[in-house]
file protein_25.pdb (PDB, C-alpha atoms)
ATOM      1  CA  MET A  11       8.815  -4.954 -18.991
ATOM      2  CA  THR A  12      12.311  -3.684 -18.463
ATOM      3  CA  GLY A  13      14.839  -4.519 -15.800
ATOM      4  CA  LEU A  14      14.054  -8.232 -15.617
ATOM      5  CA  PRO A  15      17.122 -10.422 -15.005
ATOM      6  CA  PHE A  16      16.527 -13.039 -17.713
ATOM      7  CA  GLU A  17      19.745 -12.162 -19.544
ATOM      8  CA  VAL A  18      21.985 -12.979 -16.577
ATOM      9  CA  PRO A  19      23.296 -16.505 -15.902
ATOM     10  CA  GLY A  20      20.989 -18.780 -13.973
ATOM     11  CA  ARG A  21      17.846 -20.863 -14.369
ATOM     12  CA  PHE A  22      14.534 -19.053 -14.522
ATOM     13  CA  TRP A  23      11.155 -20.776 -14.475
ATOM     14  CA  ARG A  24       8.248 -19.312 -16.402
ATOM     15  CA  GLY A  25       4.803 -19.991 -15.022
ATOM     16  CA  ASN A  26       1.402 -18.629 -14.135
ATOM     17  CA  LEU A  27      -0.013 -18.901 -10.609
ATOM     18  CA  HIS A  28      -3.551 -17.609 -11.275
ATOM     19  CA  THR A  29      -5.601 -19.272 -14.025
ATOM     20  CA  HIS A  30      -9.206 -20.415 -14.418
ATOM     21  CA  SER A  31     -10.827 -23.246 -16.352
ATOM     22  CA  ASP A  32     -14.390 -24.230 -17.209
ATOM     23  CA  LEU A  33     -14.637 -25.898 -13.803
ATOM     24  CA  SER A  34     -15.440 -22.381 -12.582
ATOM     25  CA  ASP A  35     -15.796 -19.341 -14.873
ATOM     26  CA  GLY A  36     -13.091 -19.995 -17.457
ATOM     27  CA  ALA A  37     -13.823 -20.802 -21.090
ATOM     28  CA  LEU A  38     -11.535 -23.809 -21.625
ATOM     29  CA  SER A  39     -11.149 -27.189 -19.961
ATOM     30  CA  PRO A  40      -8.169 -27.746 -17.662
ATOM     31  CA  GLN A  41      -6.624 -29.894 -20.424
ATOM     32  CA  GLU A  42      -6.973 -27.163 -23.072
ATOM     33  CA  THR A  43      -5.745 -24.492 -20.667
ATOM     34  CA  ALA A  44      -2.644 -26.486 -19.728
ATOM     35  CA  ARG A  45      -1.920 -27.255 -23.393
ATOM     36  CA  LEU A  46      -2.046 -23.555 -24.247
ATOM     37  CA  TYR A  47       0.537 -22.664 -21.578
ATOM     38  CA  ARG A  48       2.731 -25.693 -22.301
ATOM     39  CA  GLU A  49       2.843 -24.815 -26.006
ATOM     40  CA  ALA A  50       3.700 -21.196 -25.098
ATOM     41  CA  GLY A  51       6.869 -22.455 -23.411
ATOM     42  CA  TYR A  52       5.775 -22.253 -19.794
ATOM     43  CA  ASP A  53       7.423 -24.511 -17.205
ATOM     44  CA  PHE A  54       4.480 -24.610 -14.800
ATOM     45  CA  LEU A  55       0.839 -23.645 -14.402
ATOM     46  CA  ALA A  56      -1.537 -23.414 -11.468
ATOM     47  CA  ILE A  57      -5.211 -23.705 -12.347
ATOM     48  CA  THR A  58      -6.895 -21.828  -9.521
ATOM     49  CA  ASP A  59     -10.601 -22.182 -10.151
ATOM     50  CA  HIS A  60     -12.955 -20.193  -7.937
ATOM     51  CA  PHE A  61     -13.520 -22.145  -4.706
ATOM     52  CA  ARG A  62     -17.172 -21.203  -4.425
ATOM     53  CA  PRO A  63     -20.399 -23.147  -3.834
ATOM     54  CA  GLU A  64     -21.835 -22.366  -7.281
ATOM     55  CA  TYR A  65     -18.931 -24.321  -8.802
ATOM     56  CA  GLY A  66     -18.888 -27.120  -6.218
ATOM     57  CA  PHE A  67     -15.751 -25.835  -4.441
ATOM     58  CA  PRO A  68     -13.298 -27.198  -7.021
ATOM     59  CA  VAL A  69      -9.655 -27.919  -6.290
ATOM     60  CA  THR A  70      -8.772 -28.899  -9.854
ATOM     61  CA  ASP A  71      -6.664 -32.052 -10.084
ATOM     62  CA  THR A  72      -4.133 -31.238 -12.786
ATOM     63  CA  ARG A  73      -1.672 -34.062 -12.056
ATOM     64  CA  PRO A  74      -2.567 -35.955 -15.274
ATOM     65  CA  LEU A  75      -1.662 -32.815 -17.277
ATOM     66  CA  ARG A  76       2.013 -32.901 -16.273
ATOM     67  CA  SER A  77       4.610 -33.863 -18.851
ATOM     68  CA  GLU A  78       8.351 -33.762 -19.464
ATOM     69  CA  GLY A  79       9.442 -30.158 -18.901
ATOM     70  CA  PHE A  80       5.994 -28.953 -17.758
ATOM     71  CA  THR A  81       4.368 -29.318 -14.381
ATOM     72  CA  THR A  82       1.160 -28.220 -12.751
ATOM     73  CA  LEU A  83       0.523 -26.931  -9.261
ATOM     74  CA  ILE A  84      -2.752 -27.698  -7.537
ATOM     75  CA  GLY A  85      -4.631 -24.741  -6.136
ATOM     76  CA  ALA A  86      -7.742 -22.594  -6.030
ATOM     77  CA  GLU A  87      -8.851 -18.995  -5.649
ATOM     78  CA  LEU A  88     -10.410 -18.841  -2.195
ATOM     79  CA  HIS A  89     -13.237 -16.508  -1.218
ATOM     80  CA  ALA A  90     -14.775 -15.406   2.049
ATOM     81  CA  PRO A  91     -16.743 -12.336   3.085
ATOM     82  CA  ARG A  92     -15.768  -9.460   3.354
ATOM     83  CA  THR A  93     -12.998  -6.919   3.007
ATOM     84  CA  GLU A  94     -13.104  -3.333   4.236
ATOM     85  CA  LEU A  95     -14.470  -2.018   0.904
ATOM     86  CA  GLY A  96     -15.301  -5.135  -1.113
ATOM     87  CA  GLN A  97     -17.812  -7.957  -1.059
ATOM     88  CA  SER A  98     -15.329 -10.812  -0.734
ATOM     89  CA  TRP A  99     -11.717 -11.835  -0.367
ATOM     90  CA  HIS A 100      -9.789 -13.147  -3.373
ATOM     91  CA  ILE A 101      -6.918 -15.328  -2.195
ATOM     92  CA  VAL A 102      -4.722 -17.449  -4.449
ATOM     93  CA  ALA A 103      -3.771 -20.701  -2.695
ATOM     94  CA  VAL A 104      -1.302 -22.894  -4.595
ATOM     95  CA  GLY A 105      -0.322 -26.255  -3.180
ATOM     96  CA  LEU A 106      -3.688 -27.092  -1.646
ATOM     97  CA  PRO A 107      -4.588 -30.686  -0.870
ATOM     98  CA  LEU A 108      -7.314 -32.026  -3.162
ATOM     99  CA  ASP A 109      -9.622 -32.568  -0.162
ATOM    100  CA  PHE A 110      -9.345 -29.001   1.189
ATOM    101  CA  GLU A 111     -12.566 -28.289   3.089
ATOM    102  CA  PRO A 112     -14.894 -25.458   1.992
ATOM    103  CA  PRO A 113     -15.077 -22.462   4.307
ATOM    104  CA  SER A 114     -17.651 -22.355   7.059
ATOM    105  CA  ARG A 115     -20.253 -19.595   7.040
ATOM    106  CA  THR A 116     -18.343 -17.696   9.715
ATOM    107  CA  GLU A 117     -14.776 -18.166   8.440
ATOM    108  CA  THR A 118     -13.112 -14.886   7.513
ATOM    109  CA  GLY A 119     -10.667 -14.367   4.661
ATOM    110  CA  PRO A 120      -7.651 -14.192   6.985
ATOM    111  CA  GLU A 121      -8.817 -17.355   8.795
ATOM    112  CA  LEU A 122      -9.316 -19.184   5.493
ATOM    113  CA  ALA A 123      -5.853 -18.114   4.322
ATOM    114  CA  ARG A 124      -4.303 -19.336   7.587
ATOM    115  CA  ARG A 125      -6.029 -22.703   7.193
ATOM    116  CA  ALA A 126      -4.828 -23.014   3.586
ATOM    117  CA  ARG A 127      -1.274 -22.103   4.574
ATOM    118  CA  ALA A 128      -1.368 -24.650   7.408
ATOM    119  CA  ALA A 129      -2.413 -27.239   4.797
ATOM    120  CA  GLY A 130       0.766 -26.448   2.837
ATOM    121  CA  ALA A 131      -0.381 -23.782   0.371
ATOM    122  CA  PHE A 132       1.483 -20.764  -0.935
ATOM    123  CA  ILE A 133      -0.820 -17.781  -0.285
ATOM    124  CA  GLY A 134      -1.076 -14.811  -2.625
ATOM    125  CA  MET A 135      -3.169 -11.653  -2.374
ATOM    126  CA  ALA A 136      -5.047 -11.835  -5.675
ATOM    127  CA  HIS A 137      -5.478  -8.605  -7.686
ATOM    128  CA  PRO A 138      -5.462  -6.247  -4.690
ATOM    129  CA  SER A 139      -6.219  -3.143  -6.768
ATOM    130  CA  ALA A 140      -9.147  -4.745  -8.576
ATOM    131  CA  SER A 141     -10.482  -6.041  -5.245
ATOM    132  CA  LEU A 142     -10.096  -2.604  -3.608
ATOM    133  CA  LEU A 143      -7.940  -4.195  -0.923
ATOM    134  CA  THR A 144      -6.897  -1.649   1.674
ATOM    135  CA  ALA A 145      -3.710  -1.633   3.728
ATOM    136  CA  ILE A 146      -5.815  -2.668   6.729
ATOM    137  CA  ASP A 147      -7.124  -5.674   4.777
ATOM    138  CA  ALA A 148      -3.673  -6.598   3.517
ATOM    139  CA  GLU A 149      -2.120  -6.449   6.974
ATOM    140  CA  SER A 150      -4.879  -8.674   8.350
ATOM    141  CA  LEU A 151      -4.006 -11.323   5.736
ATOM    142  CA  ASP A 152      -1.072 -12.431   7.860
ATOM    143  CA  ALA A 153      -0.790 -15.856   6.192
ATOM    144  CA  ALA A 154       0.128 -14.315   2.832
ATOM    145  CA  HIS A 155       3.485 -15.132   1.286
ATOM    146  CA  SER A 156       3.124 -12.822  -1.681
ATOM    147  CA  VAL A 157       1.296  -9.973  -3.385
ATOM    148  CA  GLU A 158       0.016 -10.241  -6.946
ATOM    149  CA  VAL A 159       1.598  -7.003  -8.151
ATOM    150  CA  TYR A 160       0.256  -7.286 -11.686
ATOM    151  CA  ASN A 161      -2.930  -8.906 -12.963
ATOM    152  CA  ALA A 162      -3.418  -8.931 -16.747
ATOM    153  CA  LEU A 163      -7.200  -9.383 -16.565
ATOM    154  CA  ALA A 164      -7.629  -6.488 -14.120
ATOM    155  CA  ASP A 165      -5.375  -4.329 -16.294
ATOM    156  CA  ARG A 166      -8.166  -3.995 -18.875
ATOM    157  CA  GLU A 167      -9.931  -1.816 -16.264
ATOM    158  CA  ASN A 168      -6.699  -0.008 -15.295
ATOM    159  CA  ARG A 169      -6.576  -1.916 -11.999
ATOM    160  CA  GLY A 170      -3.820  -4.375 -12.843
ATOM    161  CA  ASP A 171      -0.976  -2.727 -10.942
ATOM    162  CA  SER A 172      -0.715  -3.348  -7.176
ATOM    163  CA  TRP A 173       2.881  -2.307  -6.519
ATOM    164  CA  HIS A 174       1.657   0.603  -4.375
ATOM    165  CA  LEU A 175       0.121  -1.723  -1.784
ATOM    166  CA  THR A 176       3.238  -3.881  -1.822
ATOM    167  CA  ASP A 177       5.388  -0.828  -1.125
ATOM    168  CA  VAL A 178       3.150   0.129   1.792
ATOM    169  CA  LEU A 179       3.411  -3.364   3.288
ATOM    170  CA  LEU A 180       7.164  -3.593   2.791
ATOM    171  CA  ASN A 181       7.637  -0.157   4.374
ATOM    172  CA  ARG A 182       5.628  -1.362   7.378
ATOM    173  CA  GLY A 183       8.025  -4.289   7.838
ATOM    174  CA  HIS A 184       6.058  -7.121   6.202
ATOM    175  CA  ARG A 185       8.285  -9.631   4.427
ATOM    176  CA  LEU A 186       6.483 -10.594   1.219
ATOM    177  CA  THR A 187       7.428 -11.746  -2.243
ATOM    178  CA  THR A 188       5.661 -10.648  -5.421
ATOM    179  CA  TYR A 189       4.366 -12.230  -8.603
ATOM    180  CA  ALA A 190       2.557 -11.219 -11.776
ATOM    181  CA  ALA A 191      -0.353 -13.298 -13.079
ATOM    182  CA  ASP A 192      -2.604 -13.564 -16.099
ATOM    183  CA  ASP A 193      -5.759 -14.409 -14.114
ATOM    184  CA  ALA A 194      -6.626 -16.031 -17.426
ATOM    185  CA  HIS A 195     -10.262 -16.988 -17.960
ATOM    186  CA  LEU A 196      -9.746 -17.251 -21.731
ATOM    187  CA  GLN A 197     -13.163 -15.775 -22.489
ATOM    188  CA  PRO A 198     -13.503 -14.008 -25.882
ATOM    189  CA  GLN A 199     -13.617 -10.535 -24.282
ATOM    190  CA  ASP A 200     -10.515 -11.177 -22.120
ATOM    191  CA  PRO A 201      -6.931 -10.218 -22.892
ATOM    192  CA  PRO A 202      -4.878 -13.007 -24.459
ATOM    193  CA  PRO A 203      -3.060 -15.384 -22.105
ATOM    194  CA  CYS A 204       0.682 -15.367 -21.382
ATOM    195  CA  GLN A 205       0.754 -11.607 -20.766
ATOM    196  CA  ALA A 206       2.006 -11.361 -17.189
TER     197      ALA A 206
END
call {"tool": "encode", "arguments": {"input": "protein_25.pdb", "output": "structure tokens"}}
result
Amino acid sequence: MTGLPFEVPGRFWRGNLHTHSDLSDGALSPQETARLYREAGYDFLAITDHFRPEYGFPVTDTRPLRSEGFTTLIGAELHAPRTELGQSWHIVAVGLPLDFEPPSRTETGPELARRARAAGAFIGMAHPSASLLTAIDAESLDAAHSVEVYNALADRENRGDSWHLTDVLLNRGHRLTTYAADDAHLQPQDPPPCQA
């Protein structure tokens, strides 16, 4: 990428906010996943396993994986039915309590995001392009802090870039930040980690 400010004075933190382990559909254990990012020079990592019933609604406790110069953030990728065009919401929630309650059968994506934010989480719209998120969907996700403007996993299907939706929201007066994420599952067919 060009135009990034890493050459100017200041302290920049390198991290990934959207990562999966074998506690949901990732290939590696949380320990192996954290080691990979730590050894790549990252300052922080959020393992955001899919918060779904088939995985036991994991909020992965990564506190034991922290070390000098490397920290972990506790989170999950939340899901609820349904968006305007897609089957389910994909919401990154970083900073969740370990005892965050699973969604009820009637809880919508925006309601789930509001509950996660009220519990202290940073809320990101995960891979909007890959999820076919519409502007109507995005505006209804009023608890969101940020838009995942690039997703390395979704990029393999040419759906990694979500700047367009961010521009629409910003032009409509929504105050949001942005982030890029690997969405690393570390499966053999996936792109390598540390891309975003």
call {"tool": "residues_near_point", "arguments": {"input": "protein_25.pdb", "point": "(2.1, -8.3, -12.0)", "cutoff": "12 Å", "atoms": "all atoms listed in the file", "output": "PyMOL selection string"}}
result
chain A and resi 11+26-28+134-139+156-165+169-174+176+187-193+204-206
call {"tool": "closest_residue", "arguments": {"input": "protein_25.pdb", "among": "A:Thr58, A:Thr43, A:Thr118, A:Thr81", "to": "Gly25 in chain A", "atoms": "all atoms listed in the file"}}
result
A:Thr81
call {"tool": "residues_around", "arguments": {"input": "protein_25.pdb", "residues": "range 83-87 of chain A", "least_positions_apart": "5", "cutoff": "9 Å", "atoms": "all atoms listed in the file", "output": "PyMOL selection string"}}
result
chain A and resi 27-30+54-62+67-73+100-108+131-132+136
call {"tool": "write_last_selection", "arguments": {"input": "protein_25.pdb", "atoms": "C-alpha atoms", "output": "CSV table (one decimal), in the frame of the given file"}}
result
chain,number,residue,atom,x,y,z
A,27,LEU,CA,0.0,-18.9,-10.6
A,28,HIS,CA,-3.6,-17.6,-11.3
A,29,THR,CA,-5.6,-19.3,-14.0
A,30,HIS,CA,-9.2,-20.4,-14.4
A,54,PHE,CA,4.5,-24.6,-14.8
A,55,LEU,CA,0.8,-23.6,-14.4
A,56,ALA,CA,-1.5,-23.4,-11.5
A,57,ILE,CA,-5.2,-23.7,-12.3
A,58,THR,CA,-6.9,-21.8,-9.5
A,59,ASP,CA,-10.6,-22.2,-10.2
A,60,HIS,CA,-13.0,-20.2,-7.9
A,61,PHE,CA,-13.5,-22.1,-4.7
A,62,ARG,CA,-17.2,-21.2,-4.4
A,67,PHE,CA,-15.8,-25.8,-4.4
A,68,PRO,CA,-13.3,-27.2,-7.0
A,69,VAL,CA,-9.7,-27.9,-6.3
A,70,THR,CA,-8.8,-28.9,-9.9
A,71,ASP,CA,-6.7,-32.1,-10.1
A,72,THR,CA,-4.1,-31.2,-12.8
A,73,ARG,CA,-1.7,-34.1,-12.1
A,100,HIS,CA,-9.8,-13.1,-3.4
A,101,ILE,CA,-6.9,-15.3,-2.2
A,102,VAL,CA,-4.7,-17.4,-4.4
A,103,ALA,CA,-3.8,-20.7,-2.7
A,104,VAL,CA,-1.3,-22.9,-4.6
A,105,GLY,CA,-0.3,-26.3,-3.2
A,106,LEU,CA,-3.7,-27.1,-1.6
A,107,PRO,CA,-4.6,-30.7,-0.9
A,108,LEU,CA,-7.3,-32.0,-3.2
A,131,ALA,CA,-0.4,-23.8,0.4
A,132,PHE,CA,1.5,-20.8,-0.9
A,136,ALA,CA,-5.0,-11.8,-5.7
call {"tool": "atom_distance", "arguments": {"input": "protein_25.pdb", "atom1": "CA of Asp177 in chain A", "atom2": "CA of Thr144 in chain A"}}
result
12.6 Å
call {"tool": "atom_distance", "arguments": {"input": "protein_25.pdb", "atom1": "CA of Gly96 in chain A", "atom2": "CA of Asp109 in chain A"}}
result
28.0 Å
call {"tool": "closest_residue", "arguments": {"input": "protein_25.pdb", "among": "A:Arg48, A:Arg124, A:Arg21, A:Arg115", "to": "Pro91 in chain A", "atoms": "only C-alpha atoms"}}
result
A:Arg115
call {"tool": "resolve_selection", "arguments": {"input": "protein_25.pdb", "expression": "the PyMOL selection byres ((chain A and resi 80) around 8)", "output": "list in words"}}
result
Arg48, Tyr52, Asp53, Phe54, Arg76, Ser77, Glu78, Gly79, Thr81 and Thr82 of chain A
call {"tool": "atom_distance", "arguments": {"input": "protein_25.pdb", "atom1": "CA of Thr116 in chain A", "atom2": "CA of Arg92 in chain A"}}
result
10.7 Å
call {"tool": "axis_aligned_box", "arguments": {"input": "protein_25.pdb", "around": "range 106-119 of chain A", "padding_each_side": "4 Å", "output": "lines of an AutoDock Vina configuration file"}}
result
center_x = -12.0
center_y = -23.5
center_z = 3.3
size_x = 24.6
size_y = 26.2
size_z = 20.9
call {"tool": "closest_residue", "arguments": {"input": "protein_25.pdb", "among": "A:Arg166, A:Gln197, A:Ile146, A:Ala154", "to": "Ala128 in chain A", "atoms": "all atoms listed in the file"}}
result
A:Ala154
call {"tool": "residues_around", "arguments": {"input": "protein_25.pdb", "residues": "Ser31 in chain A", "least_positions_apart": "4", "cutoff": "7 Å", "atoms": "all atoms listed in the file", "output": "PDB file with C-alpha atoms, in the frame of the given file"}}
result
ATOM      1  CA  ASP A  35     -15.796 -19.341 -14.873  1.00  0.00           C
ATOM      2  CA  GLY A  36     -13.091 -19.995 -17.457  1.00  0.00           C
ATOM      3  CA  ALA A  37     -13.823 -20.802 -21.090  1.00  0.00           C
ATOM      4  CA  LEU A  38     -11.535 -23.809 -21.625  1.00  0.00           C
ATOM      5  CA  SER A  39     -11.149 -27.189 -19.961  1.00  0.00           C
ATOM      6  CA  PRO A  40      -8.169 -27.746 -17.662  1.00  0.00           C
ATOM      7  CA  THR A  43      -5.745 -24.492 -20.667  1.00  0.00           C
ATOM      8  CA  ILE A  57      -5.211 -23.705 -12.347  1.00  0.00           C
ATOM      9  CA  ASP A  59     -10.601 -22.182 -10.151  1.00  0.00           C
ATOM     10  CA  HIS A 195     -10.262 -16.988 -17.960  1.00  0.00           C
TER      11      HIS A 195
END
call {"tool": "resolve_selection", "arguments": {"input": "protein_25.pdb", "expression": "the PyMOL selection byres ((chain A and resi 147-149) around 8)", "output": "PDB file with C-alpha atoms, keeping the file's coordinate frame"}}
result
ATOM      1  CA  THR A  93     -12.998  -6.919   3.007  1.00  0.00           C
ATOM      2  CA  GLU A  94     -13.104  -3.333   4.236  1.00  0.00           C
ATOM      3  CA  MET A 135      -3.169 -11.653  -2.374  1.00  0.00           C
ATOM      4  CA  LEU A 143      -7.940  -4.195  -0.923  1.00  0.00           C
ATOM      5  CA  THR A 144      -6.897  -1.649   1.674  1.00  0.00           C
ATOM      6  CA  ALA A 145      -3.710  -1.633   3.728  1.00  0.00           C
ATOM      7  CA  ILE A 146      -5.815  -2.668   6.729  1.00  0.00           C
ATOM      8  CA  SER A 150      -4.879  -8.674   8.350  1.00  0.00           C
ATOM      9  CA  LEU A 151      -4.006 -11.323   5.736  1.00  0.00           C
ATOM     10  CA  ASP A 152      -1.072 -12.431   7.860  1.00  0.00           C
ATOM     11  CA  LEU A 179       3.411  -3.364   3.288  1.00  0.00           C
TER      12      LEU A 179
END
call {"tool": "residues_around", "arguments": {"input": "protein_25.pdb", "residues": "Ala90 in chain A", "least_positions_apart": "4", "cutoff": "6 Å", "atoms": "only C-alpha atoms", "output": "list in words"}}
result
Ser98, Trp99, Thr118 and Gly119 of chain A
call {"tool": "closest_residue", "arguments": {"input": "protein_25.pdb", "among": "A:Pro120, A:Gly66, A:Leu186, A:Val18", "to": "Leu33 in chain A", "atoms": "all atoms listed in the file"}}
result
A:Gly66
call {"tool": "decode", "arguments": {"input": "protein_25.pdb", "residues": "range 45-68 of chain A", "atoms": "N, CA, C and O atoms", "output": "PDB file, in the first residue's frame"}}
result
ATOM      1  N   ARG A  45       1.572 -17.198  18.230  1.00  0.00           N
ATOM      2  CA  ARG A  45       3.018 -17.298  17.991  1.00  0.00           C
ATOM      3  C   ARG A  45       3.373 -16.807  16.595  1.00  0.00           C
ATOM      4  O   ARG A  45       4.333 -16.057  16.406  1.00  0.00           O
ATOM      5  N   LEU A  46       2.576 -17.179  15.611  1.00  0.00           N
ATOM      6  CA  LEU A  46       2.822 -16.763  14.234  1.00  0.00           C
ATOM      7  C   LEU A  46       2.832 -15.238  14.114  1.00  0.00           C
ATOM      8  O   LEU A  46       3.741 -14.654  13.507  1.00  0.00           O
ATOM      9  N   TYR A  47       1.848 -14.571  14.709  1.00  0.00           N
ATOM     10  CA  TYR A  47       1.778 -13.110  14.623  1.00  0.00           C
ATOM     11  C   TYR A  47       2.871 -12.451  15.469  1.00  0.00           C
ATOM     12  O   TYR A  47       3.453 -11.445  15.050  1.00  0.00           O
ATOM     13  N   ARG A  48       3.137 -12.988  16.632  1.00  0.00           N
ATOM     14  CA  ARG A  48       4.201 -12.438  17.485  1.00  0.00           C
ATOM     15  C   ARG A  48       5.534 -12.498  16.751  1.00  0.00           C
ATOM     16  O   ARG A  48       6.280 -11.521  16.703  1.00  0.00           O
ATOM     17  N   GLU A  49       5.837 -13.643  16.146  1.00  0.00           N
ATOM     18  CA  GLU A  49       7.109 -13.802  15.436  1.00  0.00           C
ATOM     19  C   GLU A  49       7.170 -12.949  14.167  1.00  0.00           C
ATOM     20  O   GLU A  49       8.267 -12.648  13.683  1.00  0.00           O
ATOM     21  N   ALA A  50       6.027 -12.534  13.642  1.00  0.00           N
ATOM     22  CA  ALA A  50       5.997 -11.653  12.470  1.00  0.00           C
ATOM     23  C   ALA A  50       6.163 -10.182  12.867  1.00  0.00           C
ATOM     24  O   ALA A  50       6.121  -9.309  12.007  1.00  0.00           O
ATOM     25  N   GLY A  51       6.319  -9.924  14.153  1.00  0.00           N
ATOM     26  CA  GLY A  51       6.550  -8.557  14.611  1.00  0.00           C
ATOM     27  C   GLY A  51       5.307  -7.773  14.966  1.00  0.00           C
ATOM     28  O   GLY A  51       5.358  -6.556  15.110  1.00  0.00           O
ATOM     29  N   TYR A  52       4.190  -8.456  15.129  1.00  0.00           N
ATOM     30  CA  TYR A  52       2.958  -7.760  15.498  1.00  0.00           C
ATOM     31  C   TYR A  52       3.000  -7.376  16.977  1.00  0.00           C
ATOM     32  O   TYR A  52       3.607  -8.058  17.798  1.00  0.00           O
ATOM     33  N   ASP A  53       2.312  -6.270  17.300  1.00  0.00           N
ATOM     34  CA  ASP A  53       2.199  -5.809  18.682  1.00  0.00           C
ATOM     35  C   ASP A  53       0.974  -6.381  19.372  1.00  0.00           C
ATOM     36  O   ASP A  53       0.967  -6.525  20.592  1.00  0.00           O
ATOM     37  N   PHE A  54      -0.073  -6.673  18.597  1.00  0.00           N
ATOM     38  CA  PHE A  54      -1.295  -7.212  19.210  1.00  0.00           C
ATOM     39  C   PHE A  54      -2.045  -8.090  18.218  1.00  0.00           C
ATOM     40  O   PHE A  54      -1.838  -8.006  17.001  1.00  0.00           O
ATOM     41  N   LEU A  55      -2.918  -8.927  18.772  1.00  0.00           N
ATOM     42  CA  LEU A  55      -3.743  -9.829  17.984  1.00  0.00           C
ATOM     43  C   LEU A  55      -5.060 -10.051  18.703  1.00  0.00           C
ATOM     44  O   LEU A  55      -5.087 -10.266  19.916  1.00  0.00           O
ATOM     45  N   ALA A  56      -6.144 -10.022  17.942  1.00  0.00           N
ATOM     46  CA  ALA A  56      -7.450 -10.417  18.453  1.00  0.00           C
ATOM     47  C   ALA A  56      -7.850 -11.708  17.751  1.00  0.00           C
ATOM     48  O   ALA A  56      -7.935 -11.745  16.521  1.00  0.00           O
ATOM     49  N   ILE A  57      -8.038 -12.757  18.520  1.00  0.00           N
ATOM     50  CA  ILE A  57      -8.583 -14.000  17.966  1.00  0.00           C
ATOM     51  C   ILE A  57     -10.094 -13.912  18.125  1.00  0.00           C
ATOM     52  O   ILE A  57     -10.617 -13.856  19.233  1.00  0.00           O
ATOM     53  N   THR A  58     -10.767 -13.853  16.987  1.00  0.00           N
ATOM     54  CA  THR A  58     -12.209 -13.596  16.950  1.00  0.00           C
ATOM     55  C   THR A  58     -12.922 -14.806  16.346  1.00  0.00           C
ATOM     56  O   THR A  58     -13.437 -14.750  15.231  1.00  0.00           O
ATOM     57  N   ASP A  59     -12.902 -15.891  17.087  1.00  0.00           N
ATOM     58  CA  ASP A  59     -13.549 -17.109  16.602  1.00  0.00           C
ATOM     59  C   ASP A  59     -15.047 -16.874  16.409  1.00  0.00           C
ATOM     60  O   ASP A  59     -15.650 -16.011  17.047  1.00  0.00           O
ATOM     61  N   HIS A  60     -15.631 -17.674  15.510  1.00  0.00           N
ATOM     62  CA  HIS A  60     -17.048 -17.520  15.191  1.00  0.00           C
ATOM     63  C   HIS A  60     -17.898 -17.874  16.409  1.00  0.00           C
ATOM     64  O   HIS A  60     -17.835 -18.987  16.927  1.00  0.00           O
ATOM     65  N   PHE A  61     -18.706 -16.922  16.846  1.00  0.00           N
ATOM     66  CA  PHE A  61     -19.561 -17.055  18.026  1.00  0.00           C
ATOM     67  C   PHE A  61     -20.872 -17.684  17.568  1.00  0.00           C
ATOM     68  O   PHE A  61     -21.896 -17.024  17.422  1.00  0.00           O
ATOM     69  N   ARG A  62     -20.782 -18.996  17.321  1.00  0.00           N
ATOM     70  CA  ARG A  62     -21.914 -19.741  16.781  1.00  0.00           C
ATOM     71  C   ARG A  62     -22.147 -21.006  17.609  1.00  0.00           C
ATOM     72  O   ARG A  62     -21.210 -21.548  18.199  1.00  0.00           O
ATOM     73  N   PRO A  63     -23.363 -21.555  17.579  1.00  0.00           N
ATOM     74  CA  PRO A  63     -23.650 -22.732  18.387  1.00  0.00           C
ATOM     75  C   PRO A  63     -22.820 -23.947  18.013  1.00  0.00           C
ATOM     76  O   PRO A  63     -22.432 -24.736  18.884  1.00  0.00           O
ATOM     77  N   GLU A  64     -22.503 -24.125  16.718  1.00  0.00           N
ATOM     78  CA  GLU A  64     -21.743 -25.310  16.321  1.00  0.00           C
ATOM     79  C   GLU A  64     -20.326 -25.330  16.896  1.00  0.00           C
ATOM     80  O   GLU A  64     -19.666 -26.369  16.925  1.00  0.00           O
ATOM     81  N   TYR A  65     -19.865 -24.188  17.373  1.00  0.00           N
ATOM     82  CA  TYR A  65     -18.534 -24.108  18.002  1.00  0.00           C
ATOM     83  C   TYR A  65     -18.629 -23.887  19.505  1.00  0.00           C
ATOM     84  O   TYR A  65     -17.608 -23.686  20.168  1.00  0.00           O
ATOM     85  N   GLY A  66     -19.839 -23.864  20.051  1.00  0.00           N
ATOM     86  CA  GLY A  66     -20.008 -23.664  21.487  1.00  0.00           C
ATOM     87  C   GLY A  66     -19.914 -22.213  21.914  1.00  0.00           C
ATOM     88  O   GLY A  66     -19.618 -21.916  23.063  1.00  0.00           O
ATOM     89  N   PHE A  67     -20.171 -21.277  21.002  1.00  0.00           N
ATOM     90  CA  PHE A  67     -20.117 -19.843  21.279  1.00  0.00           C
ATOM     91  C   PHE A  67     -18.813 -19.431  21.972  1.00  0.00           C
ATOM     92  O   PHE A  67     -18.814 -18.901  23.080  1.00  0.00           O
ATOM     93  N   PRO A  68     -17.671 -19.649  21.327  1.00  0.00           N
ATOM     94  CA  PRO A  68     -16.406 -19.343  21.996  1.00  0.00           C
ATOM     95  C   PRO A  68     -16.085 -17.844  22.046  1.00  0.00           C
ATOM     96  O   PRO A  68     -16.263 -17.117  21.080  1.00  0.00           O
TER      97      PRO A  68
END
